[in-house]
$ cat upload27.tsv   # TSV, C-alpha atoms
chain	number	residue	atom	x	y	z
A	15	MET	CA	-15.94	-25.61	11.58
A	16	THR	CA	-15.97	-22.32	9.70
A	17	THR	CA	-13.73	-19.31	9.46
A	18	ARG	CA	-14.21	-15.91	7.95
A	19	GLY	CA	-12.07	-13.55	6.00
A	20	VAL	CA	-11.93	-10.72	3.54
A	21	LEU	CA	-11.07	-10.53	-0.14
A	22	PHE	CA	-9.55	-7.20	-1.13
A	23	VAL	CA	-9.39	-6.68	-4.88
A	24	HIS	CA	-7.04	-3.70	-5.00
A	25	SER	CA	-7.08	-3.18	-8.74
A	26	ALA	CA	-8.67	-4.90	-11.70
A	27	PRO	CA	-9.37	-3.74	-15.23
A	28	ARG	CA	-13.11	-3.27	-15.81
A	29	ALA	CA	-13.29	-6.22	-18.20
A	30	LEU	CA	-11.90	-8.52	-15.51
A	31	CYS	CA	-14.42	-7.55	-12.79
A	32	PRO	CA	-17.18	-10.02	-13.76
A	33	HIS	CA	-14.60	-12.80	-14.06
A	34	VAL	CA	-13.42	-12.09	-10.52
A	35	GLU	CA	-17.02	-12.35	-9.29
A	36	TRP	CA	-17.52	-15.65	-11.14
A	37	ALA	CA	-14.29	-17.07	-9.72
A	38	VAL	CA	-15.23	-16.09	-6.16
A	39	ALA	CA	-18.74	-17.50	-6.64
A	40	GLY	CA	-17.25	-20.75	-7.91
A	41	VAL	CA	-15.19	-21.13	-4.74
A	42	LEU	CA	-17.92	-20.09	-2.31
A	43	GLY	CA	-20.79	-21.85	-4.09
A	44	VAL	CA	-23.06	-18.79	-3.93
A	45	ARG	CA	-23.80	-15.90	-6.29
A	46	VAL	CA	-21.39	-13.02	-5.67
A	47	SER	CA	-21.87	-9.40	-6.65
A	48	LEU	CA	-19.07	-7.07	-5.59
A	49	ASP	CA	-19.45	-3.32	-5.08
A	50	TRP	CA	-16.85	-2.02	-7.53
A	51	ILE	CA	-15.47	1.51	-7.21
A	52	ARG	CA	-12.74	3.30	-9.13
A	53	GLN	CA	-9.18	2.78	-7.94
A	54	PRO	CA	-7.57	6.23	-7.71
A	55	ALA	CA	-4.05	4.76	-7.41
A	56	SER	CA	-4.35	3.26	-10.91
A	57	PRO	CA	-6.71	5.10	-13.26
A	58	GLY	CA	-8.79	2.75	-15.38
A	59	THR	CA	-8.93	0.05	-12.71
A	60	TRP	CA	-11.52	-0.86	-10.10
A	61	ARG	CA	-11.40	-2.07	-6.50
A	62	ALA	CA	-13.77	-4.03	-4.24
A	63	GLU	CA	-13.89	-5.69	-0.83
A	64	PHE	CA	-15.85	-8.78	0.11
A	65	SER	CA	-16.30	-10.42	3.51
A	66	TRP	CA	-16.72	-14.17	3.28
A	67	GLN	CA	-17.35	-17.13	5.55
A	68	GLY	CA	-16.39	-20.70	4.79
A	69	GLU	CA	-14.40	-23.75	5.72
A	70	PRO	CA	-10.73	-23.46	6.65
A	71	GLY	CA	-8.78	-23.45	3.39
A	72	THR	CA	-11.23	-21.14	1.63
A	73	ALA	CA	-8.64	-18.33	1.49
A	74	SER	CA	-6.27	-20.67	-0.33
A	75	LYS	CA	-8.97	-21.64	-2.82
A	76	LEU	CA	-9.84	-17.98	-3.45
A	77	ALA	CA	-6.19	-17.06	-3.99
A	78	SER	CA	-5.75	-20.01	-6.35
A	79	ALA	CA	-8.83	-19.04	-8.33
A	80	LEU	CA	-7.55	-15.47	-8.80
A	81	ARG	CA	-3.80	-15.92	-9.14
A	82	GLY	CA	-3.68	-16.54	-12.88
A	83	TRP	CA	-4.80	-13.07	-13.94
A	84	HIS	CA	-1.75	-10.94	-14.56
A	85	LEU	CA	-3.46	-7.53	-14.26
A	86	LEU	CA	-5.06	-8.25	-10.89
A	87	ARG	CA	-3.84	-7.01	-7.50
A	88	PHE	CA	-5.51	-8.65	-4.52
A	89	GLU	CA	-5.23	-9.87	-0.96
A	90	VAL	CA	-7.19	-12.62	0.79
A	91	THR	CA	-7.20	-13.03	4.54
A	92	SER	CA	-8.74	-15.62	6.82
A	93	GLU	CA	-9.02	-15.54	10.57
A	94	PRO	CA	-7.70	-18.35	12.74
A	95	CYS	CA	-10.25	-20.81	14.08
A	96	ALA	CA	-10.21	-23.84	16.35
A	97	THR	CA	-8.78	-26.11	13.63
A	98	SER	CA	-6.43	-23.82	11.71
A	99	GLU	CA	-4.22	-20.76	11.84
A	100	GLY	CA	-5.12	-17.66	9.91
A	101	GLU	CA	-3.76	-16.95	6.46
A	102	ARG	CA	-2.87	-14.04	4.27
A	103	TYR	CA	-2.34	-14.12	0.52
A	104	SER	CA	-1.11	-11.09	-1.41
A	105	SER	CA	-0.72	-10.95	-5.17
A	106	THR	CA	0.67	-8.38	-7.59
A	107	PRO	CA	1.44	-8.62	-11.31
A	108	GLU	CA	5.13	-7.92	-10.72
A	109	LEU	CA	5.77	-10.14	-7.68
A	110	GLY	CA	3.26	-12.96	-8.03
A	111	ILE	CA	1.70	-14.46	-4.91
A	112	PHE	CA	2.80	-14.31	-1.28
A	113	HIS	CA	1.43	-16.57	1.44
A	114	ALA	CA	1.81	-16.24	5.18
A	115	VAL	CA	0.34	-18.02	8.18
A	116	THR	CA	-1.05	-15.59	10.74
A	117	GLY	CA	-1.70	-15.91	14.45
A	118	ILE	CA	-4.69	-14.72	16.47
A	119	HIS	CA	-3.40	-11.13	16.54
A	120	GLY	CA	-2.63	-10.98	12.82
A	121	ASP	CA	1.12	-11.45	13.23
A	122	ILE	CA	2.91	-13.41	10.52
A	123	LEU	CA	4.18	-16.77	11.80
A	124	ILE	CA	7.27	-17.93	9.95
A	125	PRO	CA	7.98	-21.69	10.07
A	126	GLU	CA	11.43	-22.56	11.38
A	127	ASP	CA	12.44	-24.39	8.20
A	128	ARG	CA	11.91	-21.19	6.20
A	129	LEU	CA	13.97	-19.23	8.73
A	130	ARG	CA	16.75	-21.82	8.59
A	131	ALA	CA	16.76	-21.70	4.79
A	132	ALA	CA	16.98	-17.89	4.86
A	133	LEU	CA	19.90	-18.04	7.30
A	134	LEU	CA	21.68	-20.62	5.15
A	135	ARG	CA	21.29	-18.53	1.96
A	136	ALA	CA	22.66	-15.50	3.83
A	137	GLU	CA	25.58	-17.51	5.27
A	138	ARG	CA	26.48	-18.72	1.78
A	139	GLY	CA	26.50	-15.13	0.56
A	140	GLU	CA	23.64	-15.74	-1.87
A	141	THR	CA	21.62	-12.90	-0.35
A	142	GLU	CA	21.47	-10.49	2.55
A	143	LEU	CA	19.68	-11.67	5.69
A	144	GLU	CA	17.65	-8.47	5.82
A	145	THR	CA	16.40	-9.08	2.27
A	146	GLU	CA	15.45	-12.67	3.13
A	147	LEU	CA	13.57	-11.63	6.27
A	148	ALA	CA	11.74	-8.89	4.37
A	149	ARG	CA	10.54	-11.47	1.82
A	150	LEU	CA	9.44	-13.87	4.58
A	151	LEU	CA	7.38	-11.03	6.08
A	152	GLY	CA	5.91	-10.02	2.72
A	153	LYS	CA	7.49	-6.56	2.70
A	154	PRO	CA	7.90	-6.32	-1.09
A	155	TRP	CA	4.18	-7.08	-1.49
A	156	ASP	CA	3.23	-4.62	1.25
A	157	ASP	CA	5.35	-1.92	-0.39
A	158	GLU	CA	3.72	-2.48	-3.77
A	159	LEU	CA	0.15	-2.77	-2.46
A	160	GLU	CA	0.21	0.09	0.05
A	161	PRO	CA	-0.85	2.81	-2.43
A	162	PHE	CA	-3.76	0.60	-3.48
A	163	ARG	CA	-4.97	-0.13	0.06
A	164	TYR	CA	-6.14	3.39	0.73
A	165	ALA	CA	-9.90	3.23	0.26
A	166	GLY	CA	-10.17	6.53	-1.57
A	167	GLU	CA	-13.08	8.87	-1.82
A	168	GLY	CA	-16.47	7.19	-1.77
A	169	ALA	CA	-15.16	3.74	-0.91
A	170	PRO	CA	-17.20	1.59	1.45
A	171	VAL	CA	-15.04	1.11	4.52
A	172	ARG	CA	-15.78	-1.81	6.81
A	173	TRP	CA	-14.30	-1.93	10.28
A	174	LEU	CA	-13.73	-5.60	11.01
A	175	HIS	CA	-12.15	-5.34	14.45
A	176	GLN	CA	-11.80	-2.77	17.13
A	177	VAL	CA	-8.43	-2.66	18.82
A	178	VAL	CA	-8.40	-1.19	22.31
$ encode --input "upload27.tsv" --output "structure tokens"
Amino acid sequence: MTTRGVLFVHSAPRALCPHVEWAVAGVLGVRVSLDWIRQPASPGTWRAEFSWQGEPGTASKLASALRGWHLLRFEVTSEPCATSEGERYSSTPELGIFHAVTGIHGDILIPEDRLRAALLRAERGETELETELARLLGKPWDDELEPFRYAGEGAPVRWLHQVV
């Protein structure tokens, strides 16, 4: 069984670009050459997108291979398949890594134990429920990555799905 997904490198210093390619190649077991373009949201950094296909769990392996580099902003997605749900990983230098399970329409699926824990923390007064729910949905990561997601002038844009 295979799944497919996309790696979005939102920003990486130039010196880190070949290391990203080597890490991705190490996970996928094939030579990888990304099309790097300048990232207008952060001068001096570069961005790239890469569609991949592999076994379920590949998104997790890609995120693990890239998560240790502090200056890297990235997202990895995988589509659901017959044997697994989809996944989304987002990473920023300030927030670290976020993981979510996604359904067939791309919606984030939050396990009930995580919801119960969020409710309990809010009931105890440790946090606000709205803050907890925002974290479970990845809102802080979305807020930080949004300026970097815009493809910018000259970026190769790939339409993966058509929504009607």
$ residues_around --input "upload27.tsv" --residues "Val90 of chain A" --least-positions-apart "5" --cutoff "7 Å" --atoms "only C-alpha atoms" --output "PyMOL selection string"
chain A and resi 20-22+73+77+102-104
$ closest_residue --input "upload27.tsv" --among "A:Leu129, A:Asp157, A:Ser105, A:Trp60" --to "Glu144 of chain A" --atoms "all atoms listed in the file"
A:Leu129
$ closest_residue --input "upload27.tsv" --among "A:Glu93, A:Leu42, A:Glu158, A:Arg28" --to "Gly120 of chain A" --atoms "only C-alpha atoms"
A:Glu93
$ residues_around --input "upload27.tsv" --residues "Cys95 of chain A" --least-positions-apart "5" --cutoff "10 Å" --atoms "only C-alpha atoms" --output "MDAnalysis selection string"
chainID A and resid 15:18 69:70 100 117:118
$ closest_residue --input "upload27.tsv" --among "A:Pro57, A:Ala39, A:Arg149, A:Val115" --to "Ser74 of chain A" --atoms "only C-alpha atoms"
A:Val115
$ closest_residue --input "upload27.tsv" --among "A:Leu109, A:Ala114, A:Leu30, A:Leu159" --to "Ser92 of chain A" --atoms "all atoms listed in the file"
A:Ala114
